[in-house]
Structure formats: C-alpha cells, structure tokens
>>> print(open('data.txt').read())   # compact mmCIF, C-alpha atoms
# COMPACT_ATOMS: atom_id res chain seq x y z
CA MET A 1 51.79 31.32 11.24
CA SER A 2 52.00 27.60 10.56
CA LYS A 3 54.66 26.22 8.24
CA ASN A 4 52.53 23.57 6.53
CA GLU A 5 48.92 22.93 5.82
CA ILE A 6 47.69 19.63 7.23
CA ARG A 7 44.42 18.22 5.93
CA LEU A 8 42.74 15.08 7.18
CA ARG A 9 41.12 12.86 4.59
CA ARG A 10 38.29 10.51 5.59
CA GLN A 11 39.78 7.48 3.91
CA ARG A 12 42.30 6.25 1.39
CA MET A 13 41.17 6.68 -2.18
CA GLY A 14 39.90 3.38 -3.60
CA SER A 15 41.52 1.73 -6.60
CA HIS A 16 38.39 2.33 -8.74
CA ARG A 17 38.92 6.08 -8.35
CA THR A 18 42.60 5.98 -9.14
CA GLU A 19 41.76 3.96 -12.25
CA ARG A 20 40.74 7.05 -14.24
CA TYR A 21 44.25 8.47 -13.91
CA ARG A 22 45.95 5.22 -14.88
CA ASN A 23 46.78 5.40 -18.57
CA TYR A 24 50.02 3.84 -19.68
CA GLY A 25 49.19 4.43 -23.35
CA ALA A 26 49.21 8.21 -22.78
CA VAL A 27 52.48 7.99 -20.81
CA LEU A 28 54.12 6.01 -23.62
CA GLU A 29 52.83 8.47 -26.21
CA ARG A 30 54.27 11.42 -24.28
CA HIS A 31 57.57 9.59 -23.87
CA GLU A 32 57.78 8.94 -27.62
CA LYS A 33 56.93 12.58 -28.35
CA ASP A 34 59.62 13.73 -25.89
CA MET A 35 62.15 11.40 -27.50
CA ARG A 36 61.29 12.72 -30.97
CA LEU A 37 61.73 16.30 -29.74
CA LYS A 38 65.02 15.35 -28.10
CA LYS A 39 66.24 13.81 -31.36
CA ILE A 40 65.21 16.90 -33.37
CA LEU A 41 66.92 19.15 -30.83
CA ARG A 42 70.09 17.02 -30.99
CA VAL A 43 70.16 17.20 -34.82
CA PHE A 44 69.56 20.95 -34.67
CA VAL A 45 72.38 21.46 -32.14
CA MET A 46 74.75 19.35 -34.27
CA PHE A 47 73.78 21.38 -37.34
CA LEU A 48 74.35 24.62 -35.42
CA ILE A 49 77.77 23.46 -34.17
CA THR A 50 78.78 22.40 -37.71
CA LEU A 51 77.59 25.75 -39.06
CA ILE A 52 79.56 27.70 -36.43
CA VAL A 53 82.72 25.63 -37.10
CA MET A 54 82.36 26.20 -40.87
CA VAL A 55 81.84 29.96 -40.47
CA LEU A 56 84.91 30.14 -38.19
CA LEU A 57 86.91 28.13 -40.73
CA ILE A 58 85.87 30.44 -43.56
CA ILE A 59 86.82 33.50 -41.48
CA VAL A 60 90.23 32.02 -40.64
CA ILE A 61 90.91 31.12 -44.32
CA ARG A 62 89.91 34.61 -45.47
CA VAL A 63 92.08 36.29 -42.84
CA GLU A 64 95.00 34.07 -43.84
CA ASN A 65 94.47 34.83 -47.54
CA ARG A 66 94.29 38.55 -46.85
CA ALA A 67 97.47 38.37 -44.79
CA LYS A 68 99.21 36.49 -47.62
CA LYS A 69 98.06 39.05 -50.20
CA GLU A 70 99.23 41.93 -48.04
CA ALA A 71 102.59 40.26 -47.55
CA LYS A 72 102.90 39.76 -51.32
CA ALA A 73 101.93 43.34 -52.05
CA GLY A 74 104.43 44.57 -49.45
CA SER A 75 107.26 42.56 -51.00
CA ASN A 76 106.43 43.93 -54.51
CA THR A 77 106.75 47.61 -53.44
CA SER A 78 109.91 47.22 -51.34
CA PRO A 79 113.28 47.76 -53.12
CA LYS A 80 114.99 44.53 -54.08
CA SER A 81 118.54 43.99 -52.93
CA GLY A 82 121.19 43.73 -55.66
CA VAL A 83 119.17 45.72 -58.26
CA TYR A 84 121.42 48.73 -58.30
CA ALA A 85 124.75 48.02 -59.93
CA ASP A 86 127.63 50.40 -59.42
CA MET B 87 61.55 -6.46 -1.06
CA THR B 88 63.38 -9.74 -1.57
CA GLU B 89 66.57 -10.25 -3.58
CA SER B 90 64.73 -12.21 -6.28
CA GLU B 91 62.11 -9.46 -6.63
CA ILE B 92 64.85 -6.84 -7.01
CA SER B 93 66.70 -8.92 -9.63
CA LYS B 94 63.42 -9.52 -11.52
CA GLU B 95 62.84 -5.78 -11.48
CA ASN B 96 66.35 -5.17 -12.83
CA GLU B 97 65.67 -7.60 -15.67
CA ILE B 98 62.55 -5.62 -16.60
CA ILE B 99 64.55 -2.37 -16.48
CA GLU B 100 67.18 -3.86 -18.80
CA ARG B 101 64.42 -4.86 -21.20
CA CYS B 102 62.92 -1.34 -20.96
CA ARG B 103 66.16 0.24 -22.16
CA SER B 104 65.61 -1.29 -25.60
CA ASP B 105 61.81 -1.55 -25.57
CA SER B 106 59.91 1.13 -23.64
CA ARG B 107 56.69 -0.89 -23.80
CA ALA B 108 58.17 -3.27 -21.23
CA PHE B 109 57.97 -0.44 -18.70
CA GLY B 110 54.20 -1.04 -18.49
CA GLU B 111 54.78 -3.78 -15.94
CA LEU B 112 56.57 -1.38 -13.59
CA TYR B 113 53.93 1.29 -14.23
CA GLU B 114 51.15 -1.06 -13.17
CA LYS B 115 53.11 -2.18 -10.14
CA TYR B 116 53.92 1.27 -8.77
CA PHE B 117 51.14 3.50 -10.07
CA ASP B 118 48.95 3.32 -6.94
CA ARG B 119 51.82 3.95 -4.52
CA ILE B 120 53.18 6.93 -6.42
CA TYR B 121 49.69 8.32 -6.98
CA HIS B 122 48.82 8.16 -3.26
CA TYR B 123 52.17 9.69 -2.32
CA LEU B 124 51.45 12.61 -4.67
CA LEU B 125 47.86 12.91 -3.50
CA ARG B 126 49.07 13.12 0.08
CA GLN B 127 51.37 16.00 -0.90
CA THR B 128 48.85 17.96 -2.97
CA ASP B 129 45.36 17.01 -1.76
CA ASP B 130 44.19 17.45 -5.34
CA GLU B 131 43.19 14.30 -7.22
CA ASP B 132 43.58 15.77 -10.71
CA MET B 133 46.90 17.42 -9.91
CA ALA B 134 48.18 14.18 -8.35
CA GLY B 135 47.12 12.40 -11.57
CA ASP B 136 49.03 14.91 -13.73
CA LEU B 137 52.14 14.78 -11.54
CA CYS B 138 51.98 10.99 -11.48
CA SER B 139 51.93 10.84 -15.30
CA GLN B 140 54.82 13.32 -15.43
CA THR B 141 56.77 11.19 -12.94
CA PHE B 142 56.46 8.09 -15.11
CA VAL B 143 57.21 10.03 -18.32
CA ASN B 144 60.38 11.44 -16.69
CA ALA B 145 61.33 7.97 -15.47
CA LEU B 146 60.95 6.56 -19.00
CA ASN B 147 62.83 9.49 -20.58
CA ASN B 148 65.77 9.08 -18.19
CA LEU B 149 65.81 5.31 -17.82
CA ASN B 150 69.25 5.14 -19.48
CA ARG B 151 70.65 7.18 -16.59
CA TYR B 152 69.19 4.86 -13.92
CA GLU B 153 71.82 3.01 -11.90
CA PHE B 154 71.07 0.20 -9.49
CA ARG B 155 72.33 1.18 -6.01
CA GLY B 156 70.97 -1.67 -3.97
CA LEU B 157 67.62 0.07 -3.54
CA PRO B 158 64.30 -0.94 -5.08
CA PHE B 159 63.32 0.82 -8.30
CA SER B 160 60.41 2.45 -6.45
CA ALA B 161 62.91 4.65 -4.54
CA TRP B 162 63.94 6.23 -7.85
CA LEU B 163 60.29 6.80 -8.76
CA TYR B 164 59.65 8.40 -5.36
CA LYS B 165 62.65 10.67 -5.89
CA ILE B 166 61.31 11.83 -9.28
CA ALA B 167 57.84 12.29 -7.74
CA ALA B 168 59.30 14.35 -4.85
CA ASN B 169 61.09 16.58 -7.40
CA GLU B 170 57.85 17.04 -9.32
CA VAL B 171 56.06 18.06 -6.10
CA ASN B 172 58.80 20.57 -5.28
CA LYS B 173 58.55 22.04 -8.79
CA TYR B 174 54.77 22.27 -8.40
CA TYR B 175 55.02 24.21 -5.11
CA ARG B 176 57.73 26.50 -6.49
CA ARG B 177 55.39 27.42 -9.35
CA LYS B 178 52.34 27.73 -7.10
CA LYS B 179 54.17 29.68 -4.36
CA THR B 180 51.92 28.44 -1.55
CA LYS B 181 52.38 26.57 1.69
CA LYS B 182 53.01 22.86 1.30
CA VAL B 183 49.91 20.75 1.86
CA PHE B 184 50.02 17.36 3.56
CA SER B 185 46.82 15.45 3.24
CA ILE B 186 46.78 12.57 5.69
CA GLU B 187 44.31 9.70 5.82
CA GLU B 188 42.40 9.73 9.10
CA ASP B 189 42.65 5.94 9.31
CA THR B 190 46.43 6.03 9.22
CA ILE B 191 46.71 8.74 11.87
CA ARG B 192 44.24 6.88 14.11
CA ARG B 193 46.28 3.71 13.74
CA LEU B 194 49.45 5.58 14.73
CA VAL B 195 47.72 7.22 17.72
CA ASP B 196 46.26 3.88 18.81
CA ARG B 197 49.73 2.39 18.72
CA GLY B 198 51.30 5.22 20.70
CA ALA B 199 48.54 5.89 23.25
CA GLN B 200 47.09 2.44 23.94
CA HIS B 201 45.95 3.21 27.49
CA GLN B 202 44.02 6.38 26.73
CA GLY B 203 40.26 6.69 26.19
CA ASP B 204 38.50 7.59 22.94
CA GLU B 205 37.93 11.23 23.92
CA GLU B 206 41.57 11.65 24.87
CA LYS B 207 42.61 10.09 21.57
CA GLU B 208 40.41 12.52 19.62
CA ASP B 209 41.99 15.40 21.49
CA LEU B 210 45.39 13.92 20.79
CA ILE B 211 44.65 13.73 17.05
CA SER B 212 43.66 17.41 16.85
CA ARG B 213 46.77 18.39 18.85
CA LEU B 214 48.87 16.18 16.61
CA VAL B 215 47.57 17.99 13.53
CA THR B 216 48.52 21.33 15.11
CA TYR B 217 51.94 19.92 15.96
CA LEU B 218 52.46 18.73 12.37
CA LYS B 219 51.46 22.15 11.03
CA ASP B 220 54.33 23.76 12.90
CA LEU B 221 56.91 21.11 12.16
CA PRO B 222 59.60 22.14 9.63
CA THR B 223 58.71 20.82 6.17
CA ASP B 224 61.90 18.74 5.86
CA MET B 225 61.09 16.90 9.10
CA LEU B 226 57.52 16.33 7.97
CA GLN B 227 58.74 14.87 4.68
CA VAL B 228 60.91 12.38 6.53
CA LEU B 229 58.08 11.40 8.91
CA GLU B 230 55.72 10.97 6.00
CA LEU B 231 58.06 8.66 4.13
CA ARG B 232 58.88 6.72 7.29
CA TYR B 233 55.39 6.24 8.76
CA PHE B 234 53.02 6.61 5.81
CA GLU B 235 55.12 5.03 3.07
CA ASP B 236 57.05 2.58 5.29
CA LYS B 237 60.41 3.49 3.80
CA ASP B 238 63.70 2.67 5.51
CA PHE B 239 66.28 5.36 6.22
CA ARG B 240 68.46 4.47 3.23
CA GLU B 241 65.56 4.91 0.87
CA ILE B 242 64.44 8.14 2.58
CA ALA B 243 67.97 9.52 2.26
CA PHE B 244 68.04 8.65 -1.45
CA ILE B 245 64.56 10.08 -2.14
CA LEU B 246 65.18 13.38 -0.36
CA ASP B 247 68.81 13.64 -1.46
CA ILE B 248 70.19 13.78 2.09
CA THR B 249 72.53 11.52 4.04
CA GLU B 250 71.24 8.49 5.90
CA SER B 251 72.35 9.97 9.21
CA GLY B 252 70.56 13.21 8.26
CA ALA B 253 67.33 11.27 7.70
CA LYS B 254 67.75 9.51 11.07
CA MET B 255 68.50 12.78 12.82
CA ARG B 256 65.42 14.52 11.41
CA THR B 257 63.20 11.60 12.45
CA TYR B 258 64.75 11.43 15.90
CA ARG B 259 64.29 15.17 16.49
CA ALA B 260 60.67 15.16 15.29
CA LEU B 261 59.80 12.14 17.44
CA ASP B 262 61.61 13.51 20.45
CA LYS B 263 59.59 16.70 20.22
CA LEU B 264 56.45 14.61 19.82
CA ARG B 265 57.25 12.48 22.88
CA ARG B 266 57.93 15.52 25.04
CA GLN B 267 54.87 17.42 23.88
CA PHE B 268 52.34 14.57 24.05
CA ASN B 269 53.80 12.25 26.61
CA ILE B 270 53.23 9.25 24.33
CA GLN B 271 55.45 6.36 23.32
CA VAL B 272 56.74 6.40 19.78
CA LYS B 273 59.57 4.07 18.96
CA TYR B 274 62.29 5.58 16.80
CA ASP B 275 62.86 2.48 14.68
CA GLU B 276 59.26 1.25 14.55
>>> encode(input="data.txt", output="structure tokens")
Amino acid sequence: MSKNEIRLRRQRMGSHRTERYRNYGAVLERHEKDMRLKKILRVFVMFLITLIVMVLLIIVIRVENRAKKEAKAGSNTSPKSGVYAD
Amino acid sequence: MTESEISKENEIIERCRSDSRAFGELYEKYFDRIYHYLLRQTDDEDMAGDLCSQTFVNALNNLNRYEFRGLPFSAWLYKIAANEVNKYYRRKKTKKVFSIEEDTIRRLVDRGAQHQGDEEKEDLISRLVTYLKDLPTDMLQVLELRYFEDKDFREIAFILDITESGAKMRTYRALDKLRRQFNIQVKYDE
C-alpha cells in the first residue's frame, strides 16, 4: 500500500481563482474576535485565581481563629498554678 | 530575498505589533504562495482557502512571539501553514495528499532527462508518480519545499522543525534513490 496519494493537476491555479479566497477584512475580523476572547479568558482566569486565593485566605483565618479559641478554652479549664494556698 | 527587503519586512512587522491593519501588506504579498502550498498539500480549493485564512489569523494572533532569525518572514508563515496541514490530516485520518502541477513535474523531468524522447519522458513521469507515492512523507515534504517552493535548507529545517543537516540528509537520500531507480541526473544542490 502506498504511503502518500499523489495527484497531478493540469496547471497552476490562476490568480483570478485564488481571488475569491483572498479576504483580509475577514482575517482581521477573526483576529480581533480571537483577541477579545483571549482578553475575556485572561480576565476570567485572573478573577478565578483571585477567588481561589481569597477562599484559601478565609479558610486559613478561620482555622487560625478556631485554634486560638481552642487554646483559650483549654487554658480556662486547666488548673492555675499558685491558686491553692497551704 | 535581499537584505533591504528583509529589513523592510521587519519594519512592517514592528508596525503590525501596534496596528494589526498594517499586516495587510504582508497578507497581500504572501497570500498566493501560502495558498498554493496548502492547495498542493490538500488538493481541495475550499479547504486550502480555509487553512490559508487560519494560517494568517494564527500569524496575526501570535505576532508578538515572532522573532527574527535571519530568515524571511515567509518561512514563519510556511511553518504555521505546515502545522495547520498536519492538524487537518490528524483530524481527517487519511493518507496525505500531494497535488502536483503537471507543468512543474514536466519541467523537472525535462531538466533531468534532456536526452530522452517524449514517450520515454511520459513513461518517466508515471513512474515518478509511483515513486513519490511510496516515498516516506517526511522525505516528500522536504522535496516539495526544495523543488516546488524553492526553499533553501535553512528555511526547510525551520519550517519542518528539523535540523539543517536533517533536511539535507532527507533530500540526499530521496534523490539518491531517484537517481538509482531512474538513471537520471538530478543535482543535489540545484
């Protein structure tokens, strides 16, 4: 079985026939659309990163607060030194 | 391409980075070449048109990443076009098509087999087509860029993402096989 398919064309396509595919306006429009999408995507990614960082920050603060509270509660229930006089 | 032409092209590219409308000049300059390259690789006028538009859109979208490496800007466009063709065949999952202009192949045969008659040349062309069918695709790509697009080895290496010596080696091997099989003269650096 052959590896490639070779086709012979009678002649090179003339410039008048390639003309219907030549449209710089459409290329520019697609480029601008792509750039807009890229910008939106970049803003969305930044927003997502900020959101993740904030959520992580909130979690860390809450964990720290809880740990502080627990430590406080623990110190309140434990017997204080020097309370009992002889 | 002369030094002044390359520097003029670089000026346009610099302008394009801030104003994409300036790219129109390069589009007009290279549209035909890129379109024919894609048509040769797909044998489908509409598909070549679509891939050509995509090539230029990709070029515009990534113009900020373009670096001048001593090669004409067209080499970068060819590289993007070659990637688009590869993507197209990966999606389509078919054998790669090479559509060659009869005029070009006749010119090459005339150059290599000057002393042979018309009938022998016709026979040679049909045998050549069979030979090209069985040639590994990577070798065929190099031959196409070298003899149909008139690219030098540095440009071929850049377009196909291989080393310059790799491009030379592939060409040398393909031509050596051709010489042995057809008993014709094909110069390596012609």
>>> atom_distance(input="data.txt", atom1="atom CA of B:Gln227", atom2="atom CA of B:Leu210")
20.9 Å
>>> interface_residues(input="data.txt", of="chain A", to="chain B", cutoff="12 Å", atoms="all atoms listed in the file", output="PyMOL selection string")
chain A and resi 1-38
>>> write_last_selection(input="data.txt", atoms="C-alpha atoms", output="PDB file, in the frame of the given file")
ATOM      1  CA  MET A   1      51.790  31.320  11.240  1.00  0.00           C
ATOM      2  CA  SER A   2      52.000  27.600  10.560  1.00  0.00           C
ATOM      3  CA  LYS A   3      54.660  26.220   8.240  1.00  0.00           C
ATOM      4  CA  ASN A   4      52.530  23.570   6.530  1.00  0.00           C
ATOM      5  CA  GLU A   5      48.920  22.930   5.820  1.00  0.00           C
ATOM      6  CA  ILE A   6      47.690  19.630   7.230  1.00  0.00           C
ATOM      7  CA  ARG A   7      44.420  18.220   5.930  1.00  0.00           C
ATOM      8  CA  LEU A   8      42.740  15.080   7.180  1.00  0.00           C
ATOM      9  CA  ARG A   9      41.120  12.860   4.590  1.00  0.00           C
ATOM     10  CA  ARG A  10      38.290  10.510   5.590  1.00  0.00           C
ATOM     11  CA  GLN A  11      39.780   7.480   3.910  1.00  0.00           C
ATOM     12  CA  ARG A  12      42.300   6.250   1.390  1.00  0.00           C
ATOM     13  CA  MET A  13      41.170   6.680  -2.180  1.00  0.00           C
ATOM     14  CA  GLY A  14      39.900   3.380  -3.600  1.00  0.00           C
ATOM     15  CA  SER A  15      41.520   1.730  -6.600  1.00  0.00           C
ATOM     16  CA  HIS A  16      38.390   2.330  -8.740  1.00  0.00           C
ATOM     17  CA  ARG A  17      38.920   6.080  -8.350  1.00  0.00           C
ATOM     18  CA  THR A  18      42.600   5.980  -9.140  1.00  0.00           C
ATOM     19  CA  GLU A  19      41.760   3.960 -12.250  1.00  0.00           C
ATOM     20  CA  ARG A  20      40.740   7.050 -14.240  1.00  0.00           C
ATOM     21  CA  TYR A  21      44.250   8.470 -13.910  1.00  0.00           C
ATOM     22  CA  ARG A  22      45.950   5.220 -14.880  1.00  0.00           C
ATOM     23  CA  ASN A  23      46.780   5.400 -18.570  1.00  0.00           C
ATOM     24  CA  TYR A  24      50.020   3.840 -19.680  1.00  0.00           C
ATOM     25  CA  GLY A  25      49.190   4.430 -23.350  1.00  0.00           C
ATOM     26  CA  ALA A  26      49.210   8.210 -22.780  1.00  0.00           C
ATOM     27  CA  VAL A  27      52.480   7.990 -20.810  1.00  0.00           C
ATOM     28  CA  LEU A  28      54.120   6.010 -23.620  1.00  0.00           C
ATOM     29  CA  GLU A  29      52.830   8.470 -26.210  1.00  0.00           C
ATOM     30  CA  ARG A  30      54.270  11.420 -24.280  1.00  0.00           C
ATOM     31  CA  HIS A  31      57.570   9.590 -23.870  1.00  0.00           C
ATOM     32  CA  GLU A  32      57.780   8.940 -27.620  1.00  0.00           C
ATOM     33  CA  LYS A  33      56.930  12.580 -28.350  1.00  0.00           C
ATOM     34  CA  ASP A  34      59.620  13.730 -25.890  1.00  0.00           C
ATOM     35  CA  MET A  35      62.150  11.400 -27.500  1.00  0.00           C
ATOM     36  CA  ARG A  36      61.290  12.720 -30.970  1.00  0.00           C
ATOM     37  CA  LEU A  37      61.730  16.300 -29.740  1.00  0.00           C
ATOM     38  CA  LYS A  38      65.020  15.350 -28.100  1.00  0.00           C
TER      39      LYS A  38
END
>>> atom_distance(input="data.txt", atom1="atom CA of B:Asp196", atom2="atom CA of B:Arg266")
17.6 Å
>>> residues_around(input="data.txt", residues="B:Arg256", least_positions_apart="3", cutoff="12 Å", atoms="all atoms listed in the file", output="VMD selection string")
chain B and resid 221 to 232 239 242 to 243 246 248 to 253 259 to 263 274
>>> axis_aligned_box(input="data.txt", around="stretch 219-230 of chain B", padding_each_side="8 Å", output="lines of an AutoDock Vina configuration file")
center_x = 56.7
center_y = 17.4
center_z = 8.8
size_x = 26.4
size_y = 28.8
size_z = 24.2
>>> atom_distance(input="data.txt", atom1="atom CA of B:Glu205", atom2="atom CA of B:Tyr258")
28.0 Å
>>> decode(input="data.txt", residues="stretch 232-252 of chain B", atoms="N, CA, C and O atoms", output="CSV table (one decimal), in the first residue's frame")
chain,number,residue,atom,x,y,z
B,232,ARG,N,11.8,22.0,-1.4
B,232,ARG,CA,13.0,22.3,-2.1
B,232,ARG,C,12.8,22.6,-3.6
B,232,ARG,O,13.3,23.5,-4.1
B,233,TYR,N,12.0,21.7,-4.2
B,233,TYR,CA,11.8,21.8,-5.7
B,233,TYR,C,10.5,22.5,-6.2
B,233,TYR,O,10.5,22.9,-7.3
B,234,PHE,N,9.5,22.6,-5.3
B,234,PHE,CA,8.3,23.2,-5.7
B,234,PHE,C,8.2,24.6,-5.1
B,234,PHE,O,7.5,25.5,-5.7
B,235,GLU,N,8.8,24.8,-4.0
B,235,GLU,CA,8.7,26.1,-3.3
B,235,GLU,C,10.0,26.9,-3.3
B,235,GLU,O,10.1,28.0,-2.9
B,236,ASP,N,11.1,26.2,-3.9
B,236,ASP,CA,12.4,26.8,-4.0
B,236,ASP,C,13.0,27.3,-2.7
B,236,ASP,O,13.5,28.4,-2.6
B,237,LYS,N,12.8,26.6,-1.6
B,237,LYS,CA,13.3,27.0,-0.3
B,237,LYS,C,14.7,26.4,-0.1
B,237,LYS,O,15.0,25.3,-0.6
B,238,ASP,N,15.5,27.2,0.6
B,238,ASP,CA,16.9,26.6,0.9
B,238,ASP,C,16.8,25.8,2.2
B,238,ASP,O,15.8,25.7,2.8
B,239,PHE,N,17.9,25.1,2.4
B,239,PHE,CA,17.8,24.0,3.5
B,239,PHE,C,17.6,24.7,4.9
B,239,PHE,O,17.0,24.0,5.7
B,240,ARG,N,18.1,25.9,5.1
B,240,ARG,CA,17.9,26.5,6.4
B,240,ARG,C,16.4,26.8,6.6
B,240,ARG,O,15.8,26.6,7.7
B,241,GLU,N,15.7,27.3,5.6
B,241,GLU,CA,14.3,27.5,5.7
B,241,GLU,C,13.5,26.2,5.8
B,241,GLU,O,12.6,26.2,6.7
B,242,ILE,N,13.9,25.2,5.1
B,242,ILE,CA,13.2,23.9,5.1
B,242,ILE,C,13.3,23.4,6.6
B,242,ILE,O,12.3,22.9,7.2
B,243,ALA,N,14.5,23.5,7.2
B,243,ALA,CA,14.7,23.0,8.5
B,243,ALA,C,13.8,23.7,9.5
B,243,ALA,O,13.2,23.1,10.4
B,244,PHE,N,13.7,25.1,9.3
B,244,PHE,CA,12.9,25.9,10.2
B,244,PHE,C,11.4,25.5,10.0
B,244,PHE,O,10.7,25.3,11.0
B,245,ILE,N,11.0,25.4,8.8
B,245,ILE,CA,9.5,25.1,8.5
B,245,ILE,C,9.1,23.7,9.1
B,245,ILE,O,8.1,23.6,9.7
B,246,LEU,N,10.0,22.7,8.9
B,246,LEU,CA,9.6,21.4,9.3
B,246,LEU,C,10.1,21.0,10.7
B,246,LEU,O,9.9,19.9,11.2
B,247,ASP,N,10.7,22.0,11.4
B,247,ASP,CA,11.2,21.8,12.7
B,247,ASP,C,12.2,20.7,12.8
B,247,ASP,O,12.1,19.8,13.7
B,248,ILE,N,13.2,20.6,11.9
B,248,ILE,CA,14.2,19.6,11.9
B,248,ILE,C,15.6,20.4,11.8
B,248,ILE,O,15.6,21.6,11.6
B,249,THR,N,16.7,19.6,11.9
B,249,THR,CA,17.9,20.3,11.7
B,249,THR,C,18.3,20.5,10.3
B,249,THR,O,17.7,19.8,9.4
B,250,GLU,N,19.2,21.5,10.0
B,250,GLU,CA,19.6,21.7,8.6
B,250,GLU,C,20.2,20.5,8.0
B,250,GLU,O,19.9,20.1,6.8
B,251,SER,N,21.0,19.8,8.8
B,251,SER,CA,21.7,18.6,8.3
B,251,SER,C,20.6,17.5,8.0
B,251,SER,O,20.8,16.7,7.1
B,252,GLY,N,19.6,17.5,8.9
B,252,GLY,CA,18.5,16.5,8.7
B,252,GLY,C,17.8,16.7,7.4
B,252,GLY,O,17.4,15.8,6.6
